[in-house]
>>> print(open('protein24.cif').read())   # mmCIF, C-alpha atoms and all ligand atoms
data_run
#
loop_
_atom_site.group_PDB
_atom_site.id
_atom_site.type_symbol
_atom_site.label_atom_id
_atom_site.label_comp_id
_atom_site.auth_asym_id
_atom_site.auth_seq_id
_atom_site.Cartn_x
_atom_site.Cartn_y
_atom_site.Cartn_z
ATOM 1 C CA MET A 1 -4.253 -0.296 -15.451
ATOM 2 C CA ILE A 2 -3.209 -3.757 -14.304
ATOM 3 C CA ASN A 3 0.326 -4.876 -15.174
ATOM 4 C CA LYS A 4 0.563 -8.178 -17.009
ATOM 5 C CA ILE A 5 3.405 -10.524 -17.871
ATOM 6 C CA SER A 6 3.913 -13.878 -19.495
ATOM 7 C CA ILE A 7 6.343 -16.063 -17.563
ATOM 8 C CA LYS A 8 6.657 -18.226 -20.672
ATOM 9 C CA ALA A 9 7.807 -15.215 -22.741
ATOM 10 C CA GLU A 10 10.180 -14.036 -19.989
ATOM 11 C CA LEU A 11 11.813 -17.484 -19.850
ATOM 12 C CA GLU A 12 11.981 -17.875 -23.640
ATOM 13 C CA ASN A 13 13.479 -14.410 -24.084
ATOM 14 C CA LEU A 14 16.256 -15.348 -21.686
ATOM 15 C CA SER A 15 16.609 -18.869 -23.189
ATOM 16 C CA LEU A 16 15.686 -20.294 -19.796
ATOM 17 C CA GLN A 17 13.471 -23.150 -21.007
ATOM 18 C CA LYS A 18 15.540 -25.549 -18.896
ATOM 19 C CA ALA A 19 15.362 -23.445 -15.736
ATOM 20 C CA LYS A 20 14.026 -24.983 -12.541
ATOM 21 C CA TYR A 21 12.791 -21.668 -11.145
ATOM 22 C CA PHE A 22 12.516 -17.968 -11.823
ATOM 23 C CA THR A 23 12.203 -14.758 -9.819
ATOM 24 C CA LEU A 24 10.558 -11.541 -11.005
ATOM 25 C CA PRO A 25 10.001 -8.039 -9.626
ATOM 26 C CA PHE A 26 6.880 -6.535 -8.086
ATOM 27 C CA TYR A 27 5.265 -3.537 -9.779
ATOM 28 C CA PHE A 28 4.435 -0.139 -8.353
ATOM 29 C CA ASP A 29 2.729 2.716 -10.178
ATOM 30 C CA GLY A 30 2.882 0.735 -13.413
ATOM 31 C CA LYS A 31 6.623 0.107 -13.235
ATOM 32 C CA ALA A 32 8.752 -2.902 -12.307
ATOM 33 C CA LEU A 33 10.579 -2.463 -8.995
ATOM 34 C CA GLU A 34 14.033 -3.519 -10.117
ATOM 35 C CA ASN A 35 16.830 -3.872 -7.590
ATOM 36 C CA LYS A 36 19.369 -1.126 -7.418
ATOM 37 C CA GLU A 37 22.581 -1.070 -5.426
ATOM 38 C CA ASP A 38 21.209 1.418 -2.923
ATOM 39 C CA LYS A 39 17.624 0.224 -2.952
ATOM 40 C CA LYS A 40 16.703 -3.393 -2.379
ATOM 41 C CA GLU A 41 13.300 -4.502 -3.497
ATOM 42 C CA ALA A 42 11.508 -7.763 -2.798
ATOM 43 C CA ARG A 43 11.134 -10.347 -5.561
ATOM 44 C CA TRP A 44 8.671 -13.187 -5.983
ATOM 45 C CA GLY A 45 9.328 -16.493 -7.677
ATOM 46 C CA MET A 46 8.125 -19.969 -8.460
ATOM 47 C CA THR A 47 9.740 -23.302 -9.184
ATOM 48 C CA LEU A 48 8.809 -24.946 -12.499
ATOM 49 C CA LEU A 49 7.842 -28.418 -13.739
ATOM 50 C CA LYS A 50 11.535 -29.277 -14.376
ATOM 51 C CA ALA A 51 12.297 -28.829 -10.668
ATOM 52 C CA GLY A 52 10.149 -31.803 -9.659
ATOM 53 C CA SER A 53 7.604 -31.759 -6.864
ATOM 54 C CA MET A 54 8.139 -29.246 -4.066
ATOM 55 C CA ARG A 55 5.433 -30.907 -1.947
ATOM 56 C CA PHE A 56 5.647 -29.992 1.728
ATOM 57 C CA ARG A 57 4.287 -31.674 4.860
ATOM 58 C CA TRP A 58 5.715 -31.233 8.343
ATOM 59 C CA ASN A 59 6.055 -34.998 8.799
ATOM 60 C CA GLU A 60 7.584 -35.758 5.399
ATOM 61 C CA LYS A 61 11.053 -35.469 3.944
ATOM 62 C CA ASN A 62 11.495 -33.990 0.499
ATOM 63 C CA ASP A 63 15.200 -33.942 -0.297
ATOM 64 C CA GLU A 64 14.689 -32.573 -3.788
ATOM 65 C CA ARG A 65 12.809 -29.600 -2.348
ATOM 66 C CA LYS A 66 15.364 -28.987 0.352
ATOM 67 C CA LYS A 67 18.221 -29.110 -2.146
ATOM 68 C CA LEU A 68 16.633 -26.771 -4.667
ATOM 69 C CA LEU A 69 15.289 -24.212 -2.190
ATOM 70 C CA THR A 70 18.686 -24.087 -0.448
ATOM 71 C CA LYS A 71 20.328 -23.538 -3.826
ATOM 72 C CA ILE A 72 17.878 -20.756 -4.725
ATOM 73 C CA LEU A 73 18.479 -18.948 -1.451
ATOM 74 C CA ASN A 74 22.253 -19.372 -1.720
ATOM 75 C CA GLU A 75 22.167 -17.805 -5.165
ATOM 76 C CA GLN A 76 20.760 -14.590 -3.731
ATOM 77 C CA LYS A 77 22.976 -11.836 -2.451
ATOM 78 C CA LYS A 78 24.086 -12.579 1.084
ATOM 79 C CA PRO A 79 22.021 -10.597 3.568
ATOM 80 C CA VAL A 80 23.902 -7.975 5.526
ATOM 81 C CA CYS A 81 24.228 -8.894 9.209
ATOM 82 C CA SER A 82 22.223 -6.568 11.395
ATOM 83 C CA GLY A 83 24.736 -7.031 14.208
ATOM 84 C CA ASN A 84 22.162 -8.445 16.575
ATOM 85 C CA CYS A 85 21.507 -11.850 15.095
ATOM 86 C CA SER A 86 20.488 -14.436 17.608
ATOM 87 C CA SER A 87 22.857 -17.336 17.114
ATOM 88 C CA SER A 88 23.465 -19.186 20.379
ATOM 89 C CA GLU A 89 27.183 -19.788 19.704
ATOM 90 C CA GLY A 90 27.737 -16.112 19.075
ATOM 91 C CA LYS A 91 28.339 -16.819 15.388
ATOM 92 C CA CYS A 92 26.517 -14.799 12.751
ATOM 93 C CA ASP A 93 23.495 -16.730 11.503
ATOM 94 C CA CYS A 94 22.303 -14.176 8.985
ATOM 95 C CA LYS A 95 21.229 -16.205 5.983
ATOM 96 C CA LEU A 96 17.951 -16.551 4.139
ATOM 97 C CA LYS A 97 15.650 -19.246 5.478
ATOM 98 C CA VAL A 98 12.618 -20.908 3.946
ATOM 99 C CA LEU A 99 9.467 -20.164 5.946
ATOM 100 C CA PRO A 100 6.807 -22.798 5.155
ATOM 101 C CA VAL A 101 3.391 -23.782 6.440
ATOM 102 C CA GLU A 102 1.343 -26.899 5.713
ATOM 103 C CA LEU A 103 -1.505 -25.904 3.414
ATOM 104 C CA ILE A 104 -5.131 -26.732 4.191
ATOM 105 C CA HIS A 105 -7.228 -24.651 1.736
ATOM 106 C CA SER A 106 -8.186 -22.141 4.404
ATOM 107 C CA LYS A 107 -8.047 -18.358 4.670
ATOM 108 C CA ILE A 108 -5.706 -18.504 7.652
ATOM 109 C CA VAL A 109 -2.708 -16.160 7.541
ATOM 110 C CA VAL A 110 0.117 -16.497 10.071
ATOM 111 C CA GLU A 111 2.769 -13.967 11.014
ATOM 112 C CA ALA A 112 6.372 -14.886 11.713
ATOM 113 C CA LYS A 113 9.115 -12.908 13.378
ATOM 114 C CA LYS A 114 11.536 -15.816 13.357
ATOM 115 C CA GLU A 115 11.885 -19.145 11.575
ATOM 116 C CA GLU A 116 10.356 -21.205 14.421
ATOM 117 C CA ASP A 117 7.133 -19.190 14.423
ATOM 118 C CA THR A 118 5.428 -21.251 11.686
ATOM 119 C CA LYS A 119 6.712 -24.606 12.892
ATOM 120 C CA ASN A 120 4.039 -27.345 12.695
ATOM 121 C CA LEU A 121 1.404 -24.766 11.742
ATOM 122 C CA GLN A 122 -1.314 -25.316 9.177
ATOM 123 C CA ALA A 123 -2.418 -22.228 7.265
ATOM 124 C CA ASP A 124 -2.437 -20.831 3.728
ATOM 125 C CA GLY A 125 -0.717 -17.499 4.103
ATOM 126 C CA ILE A 126 2.523 -16.316 5.706
ATOM 127 C CA ILE A 127 3.623 -12.748 6.330
ATOM 128 C CA THR A 128 6.801 -11.303 7.839
ATOM 129 C CA GLN A 129 8.953 -8.216 8.228
ATOM 130 C CA ASN A 130 12.059 -10.274 8.918
ATOM 131 C CA PRO A 131 14.223 -9.862 5.780
ATOM 132 C CA LEU A 132 15.924 -13.204 6.383
ATOM 133 C CA LEU A 133 12.713 -15.203 6.092
ATOM 134 C CA VAL A 134 11.326 -16.402 2.759
ATOM 135 C CA PRO A 135 7.578 -17.148 3.019
ATOM 136 C CA THR A 136 6.988 -20.191 0.819
ATOM 137 C CA VAL A 137 3.762 -21.951 -0.185
ATOM 138 C CA THR A 138 3.122 -24.601 -2.825
ATOM 139 C CA VAL A 139 0.718 -24.559 -5.768
ATOM 140 C CA ALA A 140 -0.372 -26.701 -8.708
ATOM 141 C CA ASP A 141 -3.247 -24.848 -10.432
ATOM 142 C CA CYS A 142 -4.166 -22.952 -7.237
ATOM 143 C CA VAL A 143 -3.222 -19.275 -7.204
ATOM 144 C CA PRO A 144 0.019 -18.089 -5.627
ATOM 145 C CA ILE A 145 -0.414 -14.516 -4.404
ATOM 146 C CA PHE A 146 2.338 -12.259 -3.108
ATOM 147 C CA LEU A 147 2.182 -8.961 -1.225
ATOM 148 C CA TYR A 148 4.951 -6.425 -0.672
ATOM 149 C CA ASP A 149 4.860 -3.147 1.233
ATOM 150 C CA ARG A 150 8.046 -1.220 0.386
ATOM 151 C CA LYS A 151 7.493 1.370 3.084
ATOM 152 C CA LYS A 152 7.016 -1.116 5.905
ATOM 153 C CA LYS A 153 9.396 -3.733 4.428
ATOM 154 C CA ALA A 154 6.772 -6.423 4.749
ATOM 155 C CA ILE A 155 6.234 -9.446 2.499
ATOM 156 C CA GLY A 156 3.710 -12.249 2.294
ATOM 157 C CA ALA A 157 2.961 -15.387 0.265
ATOM 158 C CA PHE A 158 -0.528 -16.915 -0.005
ATOM 159 C CA HIS A 159 -2.014 -20.108 -1.401
ATOM 160 C CA SER A 160 -5.402 -19.294 -2.829
ATOM 161 C CA GLY A 161 -7.313 -22.309 -4.063
ATOM 162 C CA TRP A 162 -10.969 -21.933 -4.994
ATOM 163 C CA LYS A 163 -12.015 -22.531 -1.388
ATOM 164 C CA GLY A 164 -9.440 -20.081 -0.094
ATOM 165 C CA THR A 165 -10.330 -17.284 -2.507
ATOM 166 C CA GLY A 166 -10.367 -14.165 -0.352
ATOM 167 C CA ILE A 167 -7.176 -14.999 1.566
ATOM 168 C CA ALA A 168 -5.356 -12.175 -0.268
ATOM 169 C CA GLY A 169 -7.785 -9.744 1.397
ATOM 170 C CA GLU A 170 -6.996 -11.320 4.783
ATOM 171 C CA GLY A 171 -3.321 -10.736 4.008
ATOM 172 C CA VAL A 172 -3.887 -7.032 3.311
ATOM 173 C CA LYS A 173 -5.896 -6.778 6.541
ATOM 174 C CA LYS A 174 -3.047 -8.379 8.539
ATOM 175 C CA PHE A 175 -0.490 -6.049 6.928
ATOM 176 C CA ALA A 176 -2.604 -3.129 8.188
ATOM 177 C CA GLU A 177 -3.116 -4.609 11.677
ATOM 178 C CA LEU A 178 0.429 -5.748 12.353
ATOM 179 C CA TYR A 179 2.583 -3.424 10.244
ATOM 180 C CA SER A 180 0.317 -0.362 9.896
ATOM 181 C CA SER A 181 0.446 -0.786 6.117
ATOM 182 C CA GLU A 182 -1.687 1.465 3.911
ATOM 183 C CA PRO A 183 -3.289 -0.495 1.052
ATOM 184 C CA GLU A 184 -2.094 2.068 -1.532
ATOM 185 C CA ASP A 185 1.542 1.297 -0.610
ATOM 186 C CA ILE A 186 1.144 -2.435 -1.204
ATOM 187 C CA SER A 187 2.209 -4.169 -4.403
ATOM 188 C CA ALA A 188 0.490 -7.467 -5.233
ATOM 189 C CA VAL A 189 1.245 -10.314 -7.627
ATOM 190 C CA ILE A 190 -1.159 -12.940 -8.896
ATOM 191 C CA GLY A 191 1.226 -15.714 -9.984
ATOM 192 C CA ALA A 192 0.717 -18.480 -12.543
ATOM 193 C CA HIS A 193 -2.353 -20.656 -11.926
ATOM 194 C CA ILE A 194 -4.991 -22.526 -13.898
ATOM 195 C CA GLY A 195 -6.589 -20.163 -16.417
ATOM 196 C CA SER A 196 -10.248 -19.920 -17.350
ATOM 197 C CA CYS A 197 -9.120 -21.646 -20.583
ATOM 198 C CA CYS A 198 -8.876 -24.894 -18.608
ATOM 199 C CA TYR A 199 -11.039 -24.400 -15.525
ATOM 200 C CA PHE A 200 -14.663 -25.516 -15.778
ATOM 201 C CA VAL A 201 -17.068 -25.509 -12.849
ATOM 202 C CA ASP A 202 -20.711 -26.387 -12.227
ATOM 203 C CA LYS A 203 -23.569 -23.948 -11.674
ATOM 204 C CA GLU A 204 -23.365 -24.123 -7.903
ATOM 205 C CA ARG A 205 -19.746 -23.033 -7.811
ATOM 206 C CA ALA A 206 -20.326 -20.484 -10.572
ATOM 207 C CA ASP A 207 -23.112 -18.926 -8.500
ATOM 208 C CA TYR A 208 -20.925 -18.908 -5.393
ATOM 209 C CA PHE A 209 -18.209 -17.012 -7.243
ATOM 210 C CA THR A 210 -20.529 -14.505 -8.929
ATOM 211 C CA LYS A 211 -22.173 -13.787 -5.607
ATOM 212 C CA ASN A 212 -18.931 -13.331 -3.649
ATOM 213 C CA PHE A 213 -16.365 -12.181 -6.213
ATOM 214 C CA GLY A 214 -18.282 -10.389 -8.944
ATOM 215 C CA GLU A 215 -19.619 -11.293 -12.363
ATOM 216 C CA ASP A 216 -16.315 -10.939 -14.226
ATOM 217 C CA CYS A 217 -14.908 -14.212 -12.870
ATOM 218 C CA ILE A 218 -17.561 -16.442 -14.462
ATOM 219 C CA SER A 219 -18.355 -16.973 -18.122
ATOM 220 C CA LYS A 220 -20.515 -19.537 -19.820
ATOM 221 C CA ALA A 221 -18.470 -22.336 -21.435
ATOM 222 C CA GLY A 222 -18.950 -22.303 -25.181
ATOM 223 C CA GLU A 223 -18.826 -18.545 -25.453
ATOM 224 C CA GLN A 224 -15.146 -18.348 -26.249
ATOM 225 C CA LYS A 225 -14.569 -16.221 -29.321
ATOM 226 C CA ASP A 226 -11.547 -17.970 -30.859
ATOM 227 C CA GLY A 227 -13.574 -21.060 -31.757
ATOM 228 C CA ASN A 228 -11.260 -23.401 -29.847
ATOM 229 C CA GLU A 229 -13.893 -24.507 -27.406
ATOM 230 C CA THR A 230 -12.866 -27.610 -25.511
ATOM 231 C CA GLU A 231 -15.485 -30.267 -25.102
ATOM 232 C CA VAL A 232 -16.783 -30.212 -21.537
ATOM 233 C CA ALA A 233 -18.955 -32.447 -19.459
ATOM 234 C CA SER A 234 -22.390 -30.903 -19.456
ATOM 235 C CA ALA A 235 -22.489 -30.325 -15.702
ATOM 236 C CA LEU A 236 -19.336 -28.228 -15.854
ATOM 237 C CA SER A 237 -20.720 -25.584 -18.120
ATOM 238 C CA TYR A 238 -19.079 -22.482 -16.635
ATOM 239 C CA ARG A 239 -15.559 -21.144 -16.841
ATOM 240 C CA LEU A 240 -14.015 -19.747 -13.690
ATOM 241 C CA SER A 241 -11.304 -17.087 -13.807
ATOM 242 C CA LEU A 242 -9.403 -17.130 -10.516
ATOM 243 C CA THR A 243 -7.492 -14.114 -11.843
ATOM 244 C CA GLU A 244 -10.688 -12.035 -11.962
ATOM 245 C CA ALA A 245 -11.871 -13.375 -8.599
ATOM 246 C CA ASN A 246 -8.586 -12.372 -6.956
ATOM 247 C CA LEU A 247 -8.501 -8.996 -8.696
ATOM 248 C CA PHE A 248 -11.922 -8.419 -7.153
ATOM 249 C CA VAL A 249 -10.525 -9.362 -3.725
ATOM 250 C CA LEU A 250 -7.401 -7.217 -4.045
ATOM 251 C CA LYS A 251 -9.220 -4.143 -5.354
ATOM 252 C CA LYS A 252 -11.849 -4.457 -2.636
ATOM 253 C CA ALA A 253 -9.005 -4.505 -0.102
ATOM 254 C CA GLY A 254 -7.793 -1.193 -1.491
ATOM 255 C CA ILE A 255 -4.880 -2.326 -3.655
ATOM 256 C CA LYS A 256 -4.438 -0.035 -6.660
ATOM 257 C CA GLU A 257 -4.563 -1.541 -10.151
ATOM 258 C CA GLU A 258 -1.221 0.001 -11.131
ATOM 259 C CA ASN A 259 0.428 -1.850 -8.213
ATOM 260 C CA ILE A 260 -0.890 -5.264 -9.269
ATOM 261 C CA LEU A 261 0.938 -7.685 -11.539
ATOM 262 C CA VAL A 262 -0.845 -10.627 -13.143
ATOM 263 C CA ALA A 263 1.047 -13.582 -14.634
ATOM 264 C CA GLU A 264 -1.081 -14.623 -17.580
ATOM 265 C CA ASP A 265 0.259 -18.150 -17.908
ATOM 266 C CA CYS A 266 -2.036 -21.123 -17.358
ATOM 267 C CA THR A 267 -0.423 -23.873 -15.264
ATOM 268 C CA CYS A 268 -2.514 -26.482 -17.089
ATOM 269 C CA CYS A 269 -1.860 -25.616 -20.756
ATOM 270 C CA SER A 270 1.098 -23.188 -21.061
ATOM 271 C CA LYS A 271 3.839 -24.782 -23.140
ATOM 272 C CA PHE A 272 7.228 -23.686 -24.449
ATOM 273 C CA LEU A 273 7.609 -23.406 -28.234
ATOM 274 C CA ASN A 274 9.146 -26.909 -28.239
ATOM 275 C CA GLY A 275 5.868 -28.278 -26.849
ATOM 276 C CA GLU A 276 7.073 -28.961 -23.310
ATOM 277 C CA ASN A 277 4.818 -28.094 -20.403
ATOM 278 C CA ILE A 278 6.127 -25.284 -18.217
ATOM 279 C CA PHE A 279 4.259 -25.880 -14.955
ATOM 280 C CA GLY A 280 2.966 -28.732 -12.854
ATOM 281 C CA SER A 281 -0.842 -28.934 -12.832
ATOM 282 C CA PHE A 282 -3.378 -30.839 -10.745
ATOM 283 C CA ARG A 283 -5.863 -30.840 -13.577
ATOM 284 C CA ARG A 284 -3.434 -32.024 -16.242
ATOM 285 C CA GLN A 285 -1.487 -34.522 -14.127
ATOM 286 C CA ALA A 286 -3.940 -35.828 -11.552
ATOM 287 C CA ALA A 287 -7.587 -34.882 -12.047
ATOM 288 C CA PHE A 288 -8.275 -37.456 -14.748
ATOM 289 C CA LEU A 289 -6.640 -40.474 -13.143
ATOM 290 C CA PRO A 290 -9.011 -43.460 -12.729
ATOM 291 C CA PRO A 291 -11.537 -43.094 -9.879
ATOM 292 C CA GLU A 292 -9.959 -45.920 -7.831
ATOM 293 C CA ILE A 293 -6.898 -43.717 -7.252
ATOM 294 C CA ASP A 294 -7.399 -42.093 -3.852
ATOM 295 C CA ALA A 295 -6.898 -38.422 -3.019
ATOM 296 C CA GLU A 296 -3.478 -38.992 -1.473
ATOM 297 C CA ALA A 297 -2.101 -40.868 -4.499
ATOM 298 C CA ARG A 298 -3.668 -38.277 -6.774
ATOM 299 C CA SER A 299 -1.964 -35.484 -4.892
ATOM 300 C CA ARG A 300 1.382 -37.295 -5.148
ATOM 301 C CA SER A 301 1.105 -37.681 -8.905
ATOM 302 C CA MET A 302 1.268 -33.958 -9.611
ATOM 303 C CA THR A 303 4.269 -31.671 -9.608
ATOM 304 C CA VAL A 304 3.569 -28.962 -7.048
ATOM 305 C CA GLN A 305 5.541 -25.777 -7.371
ATOM 306 C CA ALA A 306 7.097 -23.774 -4.581
ATOM 307 C CA ALA A 307 5.972 -20.128 -4.663
ATOM 308 C CA PHE A 308 8.071 -17.744 -2.602
ATOM 309 C CA VAL A 309 8.774 -14.104 -1.863
ATOM 310 C CA MET A 310 11.994 -12.612 -0.528
ATOM 311 C CA MET A 311 13.409 -9.290 0.601
ATOM 312 C CA ASN A 312 17.140 -9.866 0.408
ATOM 313 C CA VAL A 313 17.996 -10.107 -3.244
HETATM 314 ZN ZN ZN B 401 -5.221 -23.340 -19.845
#
>>> encode(input="protein24.cif", output="structure tokens")
Amino acid sequence: MINKISIKAELENLSLQKAKYFTLPFYFDGKALENKEDKKEARWGMTLLKAGSMRFRWNEKNDERKKLLTKILNEQKKPVCSGNCSSSEGKCDCKLKVLPVELIHSKIVVEAKKEEDTKNLQADGIITQNPLLVPTVTVADCVPIFLYDRKKKAIGAFHSGWKGTGIAGEGVKKFAELYSSEPEDISAVIGAHIGSCCYFVDKERADYFTKNFGEDCISKAGEQKDGNETEVASALSYRLSLTEANLFVLKKAGIKEENILVAEDCTCCSKFLNGENIFGSFRRQAAFLPPEIDAEARSRSMTVQAAFVMMNV
């Protein structure tokens, strides 16, 4: 059975409605992999609407992002020096480092052994076995996916937009190729993204998804049972569940259901009890701006979240 959580409930239970980010455990065999003194487990996390935009481009500065990500990494337990760290001045340089790529809605996954390995690269997935590196992508309605192989100490973060659906399978493949991972040892997380409650697509895209990712990811708009059907433009008469599409991908890649965690929150409509939005969302913040607003301005008007995975916590 697939493990499910509500990030909203987790944050409200801990009175963290003002938090700028959270981290949560992976699941294995139906249980959360909590950290213990003698056994370190990877954690995955996301920044939230309150953090501001974590937008990343190689040729841009984003001080807010730099400040917050540095703070997040500093708040983790200091990694233990392996004794052979590669600082040129002979000083220990063992600290966690953000490992980004510039996203392009592809299915390209890159591997890094050191921080410089992703420099200036464009891709949508990052994997590593270096415990000091923190693979980090950004999302705003697209799906953040995380992989963790406890046996091989490998982690990966993936940006899976509709075009990139399938990249999680590429990630599993690369784990096997580069780290000799067995799919049944891998834990996977499908992080918060736009839910089928808010995601309407046309027939062409619906057909594409049914054909490639199974029938469960598409439903006809208007068939919702709770009677809260949102009015939709007639061309967009199908609902797309990126959760179901990615479950299809992960299961096909050999990941076991009991090792998968799904965050059930919708980035577009999930709100705290006080009515505040929890996540940034392309659809809510940018999709309905007037047509004269170009793609670049549109993309700047939404609050993209950083989505990251780390070993040393
Ligand atoms: Zn929604």
>>> residues_near_ligand(input="protein24.cif", ligand="ligand ZN 401 (chain B)", cutoff="8 Å", atoms="all atoms listed in the file", output="PyMOL selection string")
chain A and resi 194-199+265-270
>>> atom_distance(input="protein24.cif", atom1="CA of Met311 (chain A)", atom2="CA of Phe146 (chain A)")
12.0 Å
>>> residues_around(input="protein24.cif", residues="region 64-67 of chain A", least_positions_apart="4", cutoff="9 Å", atoms="all atoms listed in the file", output="VMD selection string")
chain A and resid 51 to 56 71 to 72 306
>>> atom_distance(input="protein24.cif", atom1="CA of Arg283 (chain A)", atom2="CA of Phe158 (chain A)")
20.2 Å
>>> residues_near_point(input="protein24.cif", point="(-1.7, -8.5, 5.3)", cutoff="12 Å", atoms="all atoms listed in the file", output="PyMOL selection string")
chain A and resi 107-111+125-129+145-149+152+154-158+166-183+185-188+250+253-255
>>> closest_residue(input="protein24.cif", among="A:Lys20, A:Lys97, A:Lys114, A:His193", to="Val262 (chain A)", atoms="all atoms listed in the file")
A:His193
>>> residues_around(input="protein24.cif", residues="Tyr238 (chain A)", least_positions_apart="4", cutoff="8 Å", atoms="all atoms listed in the file", output="list in words")
Phe200, Val201, Asp202, Lys203, Ala206, Ile218, Ser219, Lys220 and Ala221 of chain A
>>> closest_residue(input="protein24.cif", among="A:Leu236, A:Leu69, A:Ile190, A:Ala245", to="Glu215 (chain A)", atoms="all atoms listed in the file")
A:Ala245
>>> residues_around(input="protein24.cif", residues="region 290-302 of chain A", least_positions_apart="3", cutoff="7 Å", atoms="only C-alpha atoms", output="number ranges by chain")
A: 280-282, 285-286
>>> write_last_selection(input="protein24.cif", atoms="C-alpha atoms", output="short mmCIF file (atom, residue, chain, number, x, y, z; two decimals), keeping the file's coordinate frame")
data_model
loop_
_atom_site.label_atom_id
_atom_site.label_comp_id
_atom_site.auth_asym_id
_atom_site.auth_seq_id
_atom_site.Cartn_x
_atom_site.Cartn_y
_atom_site.Cartn_z
CA GLY A 280 2.97 -28.73 -12.85
CA SER A 281 -0.84 -28.93 -12.83
CA PHE A 282 -3.38 -30.84 -10.74
CA GLN A 285 -1.49 -34.52 -14.13
CA ALA A 286 -3.94 -35.83 -11.55
#
>>> closest_residue(input="protein24.cif", among="A:Asn130, A:Asn259, A:Asn274, A:Ser237", to="Glu184 (chain A)", atoms="only C-alpha atoms")
A:Asn259
>>> resolve_selection(input="protein24.cif", expression="the PyMOL selection byres (((chain A and resi 121) around 12) and not hetatm)", output="list in words")
Arg57, Trp58, Asn59, Leu99, Pro100, Val101, Glu102, Leu103, Ile104, Ile108, Val109, Val110, Glu111, Ala112, Glu115, Glu116, Asp117, Thr118, Lys119, Asn120, Gln122, Ala123, Asp124, Gly125 and Ile126 of chain A
>>> build_atoms(input="protein24.cif", residues="region 250-263 of chain A", atoms="N, CA and C atoms", output="compact mmCIF listing (two decimals), keeping the file's coordinate frame")
# COMPACT_ATOMS: atom_id res chain seq x y z
N LEU A 250 -8.48 -8.18 -4.29
CA LEU A 250 -7.40 -7.22 -4.04
C LEU A 250 -7.90 -5.78 -4.15
N LYS A 251 -8.72 -5.51 -5.17
CA LYS A 251 -9.22 -4.14 -5.35
C LYS A 251 -10.15 -3.76 -4.21
N LYS A 252 -10.96 -4.72 -3.77
CA LYS A 252 -11.85 -4.46 -2.64
C LYS A 252 -11.04 -4.14 -1.37
N ALA A 253 -9.86 -4.75 -1.27
CA ALA A 253 -9.01 -4.50 -0.10
C ALA A 253 -8.25 -3.18 -0.22
N GLY A 254 -8.41 -2.52 -1.34
CA GLY A 254 -7.79 -1.19 -1.49
C GLY A 254 -6.49 -1.16 -2.27
N ILE A 255 -6.11 -2.30 -2.85
CA ILE A 255 -4.88 -2.33 -3.66
C ILE A 255 -5.16 -1.65 -5.00
N LYS A 256 -4.23 -0.77 -5.41
CA LYS A 256 -4.44 -0.04 -6.66
C LYS A 256 -4.04 -0.89 -7.87
N GLU A 257 -4.81 -0.75 -8.94
CA GLU A 257 -4.56 -1.54 -10.15
C GLU A 257 -3.12 -1.43 -10.63
N GLU A 258 -2.57 -0.20 -10.59
CA GLU A 258 -1.22 0.00 -11.13
C GLU A 258 -0.13 -0.64 -10.27
N ASN A 259 -0.53 -1.16 -9.08
CA ASN A 259 0.43 -1.85 -8.21
C ASN A 259 0.23 -3.37 -8.25
N ILE A 260 -0.62 -3.81 -9.16
CA ILE A 260 -0.89 -5.26 -9.27
C ILE A 260 -0.24 -5.81 -10.54
N LEU A 261 0.39 -6.97 -10.38
CA LEU A 261 0.94 -7.68 -11.54
C LEU A 261 0.22 -9.03 -11.67
N VAL A 262 -0.20 -9.34 -12.89
CA VAL A 262 -0.84 -10.63 -13.14
C VAL A 262 0.02 -11.44 -14.11
N ALA A 263 0.38 -12.66 -13.71
CA ALA A 263 1.05 -13.58 -14.63
C ALA A 263 -0.04 -14.27 -15.44
